[in-house]
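Novice: For reference, the structure I am asking about is given below.
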Amino acid sequence: MADKKNDFLTYKGKPLVRNGNTIYYGNMTDDYVIMMQITSSKEFGELDLASKVTVQLINTDPDVSIKEKIVKSSEKKGLYAAMDIADIWLTRALKPEE
């Protein structure tokens with residue numbers, strides 16, 4: 001259950017952490033992580049739903065220059081499309097080379 005402070009919400013087995021309009025997907029100890037920023041939202045009843053989300057695949061290596069940190073970037077319509085591409089990118093980036 002959610003008794004421990006280290007328990008995070010997960011999506012397909014990877015941690016999902018939100019801070020304001022920014023969502024991080026993946027383990028920060030891995031080589032790559034996804035950062036999603038909700039850039040606009042629409043009201044649906046009493047809820048605010050994300051309408052535009054910027055998705056970025058980020059290299060977590062501290063020795064990499066700031067310019068090389070962002071490996072891939074895209075803008076998606078809605079959180080579902082953003083999560084879909086985020087999982088694909090992260091899975092491919094973390095896949096061991098054969």
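Ordering of the structure tokens sets the chain letters (A, B, ...), residue numbers begin anew at 1 in every chain, and ligands are numbered from 1 in the order given.
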Tell me, as a PDB file with N, CA and C atoms, in the first residue's frame, which residues lie within 12 Å of A:Ala81, counting only C-alpha atoms; anything in the same chain fewer than 3 positions away does not count.
Specialist:
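Result file is out02.pdb:
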```
ATOM      1  N   MET A  36       7.390  15.697 -18.753  1.00  0.00           N
ATOM      2  CA  MET A  36       6.231  16.199 -19.495  1.00  0.00           C
ATOM      3  C   MET A  36       5.762  17.490 -18.836  1.00  0.00           C
ATOM      4  N   ALA A  50      -5.566  18.347 -19.431  1.00  0.00           N
ATOM      5  CA  ALA A  50      -4.425  18.780 -20.244  1.00  0.00           C
ATOM      6  C   ALA A  50      -4.796  18.719 -21.722  1.00  0.00           C
ATOM      7  N   SER A  51      -4.580  19.813 -22.442  1.00  0.00           N
ATOM      8  CA  SER A  51      -4.867  19.817 -23.876  1.00  0.00           C
ATOM      9  C   SER A  51      -3.585  19.824 -24.706  1.00  0.00           C
ATOM     10  N   LYS A  52      -2.514  20.410 -24.197  1.00  0.00           N
ATOM     11  CA  LYS A  52      -1.207  20.376 -24.867  1.00  0.00           C
ATOM     12  C   LYS A  52      -0.146  19.990 -23.848  1.00  0.00           C
ATOM     13  N   VAL A  53       0.671  19.004 -24.227  1.00  0.00           N
ATOM     14  CA  VAL A  53       1.717  18.516 -23.331  1.00  0.00           C
ATOM     15  C   VAL A  53       3.023  18.408 -24.116  1.00  0.00           C
ATOM     16  N   THR A  54       4.089  19.008 -23.590  1.00  0.00           N
ATOM     17  CA  THR A  54       5.416  18.881 -24.174  1.00  0.00           C
ATOM     18  C   THR A  54       6.104  17.693 -23.520  1.00  0.00           C
ATOM     19  N   VAL A  55       6.606  16.771 -24.341  1.00  0.00           N
ATOM     20  CA  VAL A  55       7.264  15.557 -23.861  1.00  0.00           C
ATOM     21  C   VAL A  55       8.740  15.640 -24.229  1.00  0.00           C
ATOM     22  N   SER A  74       8.800  16.533 -28.169  1.00  0.00           N
ATOM     23  CA  SER A  74       7.600  16.559 -28.998  1.00  0.00           C
ATOM     24  C   SER A  74       6.467  17.221 -28.218  1.00  0.00           C
ATOM     25  N   GLU A  75       5.483  17.723 -28.951  1.00  0.00           N
ATOM     26  CA  GLU A  75       4.291  18.275 -28.306  1.00  0.00           C
ATOM     27  C   GLU A  75       3.103  17.421 -28.721  1.00  0.00           C
ATOM     28  N   LYS A  76       2.316  17.000 -27.751  1.00  0.00           N
ATOM     29  CA  LYS A  76       1.166  16.129 -27.992  1.00  0.00           C
ATOM     30  C   LYS A  76      -0.119  16.795 -27.507  1.00  0.00           C
ATOM     31  N   LYS A  77      -1.227  16.391 -28.133  1.00  0.00           N
ATOM     32  CA  LYS A  77      -2.543  16.875 -27.722  1.00  0.00           C
ATOM     33  C   LYS A  77      -3.111  15.899 -26.703  1.00  0.00           C
ATOM     34  N   GLY A  78      -3.143  16.299 -25.464  1.00  0.00           N
ATOM     35  CA  GLY A  78      -3.712  15.476 -24.406  1.00  0.00           C
ATOM     36  C   GLY A  78      -2.680  14.628 -23.680  1.00  0.00           C
ATOM     37  N   ASP A  84       1.620   7.880 -23.913  1.00  0.00           N
ATOM     38  CA  ASP A  84       1.862   6.819 -24.879  1.00  0.00           C
ATOM     39  C   ASP A  84       3.249   6.956 -25.494  1.00  0.00           C
ATOM     40  N   ILE A  85       3.597   8.130 -25.999  1.00  0.00           N
ATOM     41  CA  ILE A  85       4.908   8.333 -26.610  1.00  0.00           C
ATOM     42  C   ILE A  85       6.012   8.315 -25.551  1.00  0.00           C
ATOM     43  N   ALA A  86       5.713   8.804 -24.354  1.00  0.00           N
ATOM     44  CA  ALA A  86       6.693   8.801 -23.263  1.00  0.00           C
ATOM     45  C   ALA A  86       7.118   7.370 -22.933  1.00  0.00           C
ATOM     46  N   ASP A  87       6.169   6.462 -22.844  1.00  0.00           N
ATOM     47  CA  ASP A  87       6.504   5.077 -22.517  1.00  0.00           C
ATOM     48  C   ASP A  87       7.311   4.423 -23.640  1.00  0.00           C
ATOM     49  N   ILE A  88       6.952   4.705 -24.878  1.00  0.00           N
ATOM     50  CA  ILE A  88       7.695   4.148 -26.018  1.00  0.00           C
ATOM     51  C   ILE A  88       9.139   4.649 -26.015  1.00  0.00           C
TER      52      ILE A  88
END
```
Novice: Can you list every residue in stretch 19-98 of chain A that DSSP puts in alpha helix (DSSP H), as a VMD selection string?
Specialist: chain A and resid 66 to 69 79 to 94
Novice: Write out as a PyMOL selection string which residues come within 10 Å of A:Leu9 when counting only C-alpha atoms, dropping same-chain ones fewer than 6 positions away.
Specialist: chain A and resi 2+15-18+25
Novice: Between atom CA of A:Ile58 and atom CA of A:Asp31, what is the distance in Å, rounded to a tenth?
Specialist: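 One can read the atom CA of A:Ile58 to atom CA of A:Asp31 distance as 8.6 Å.
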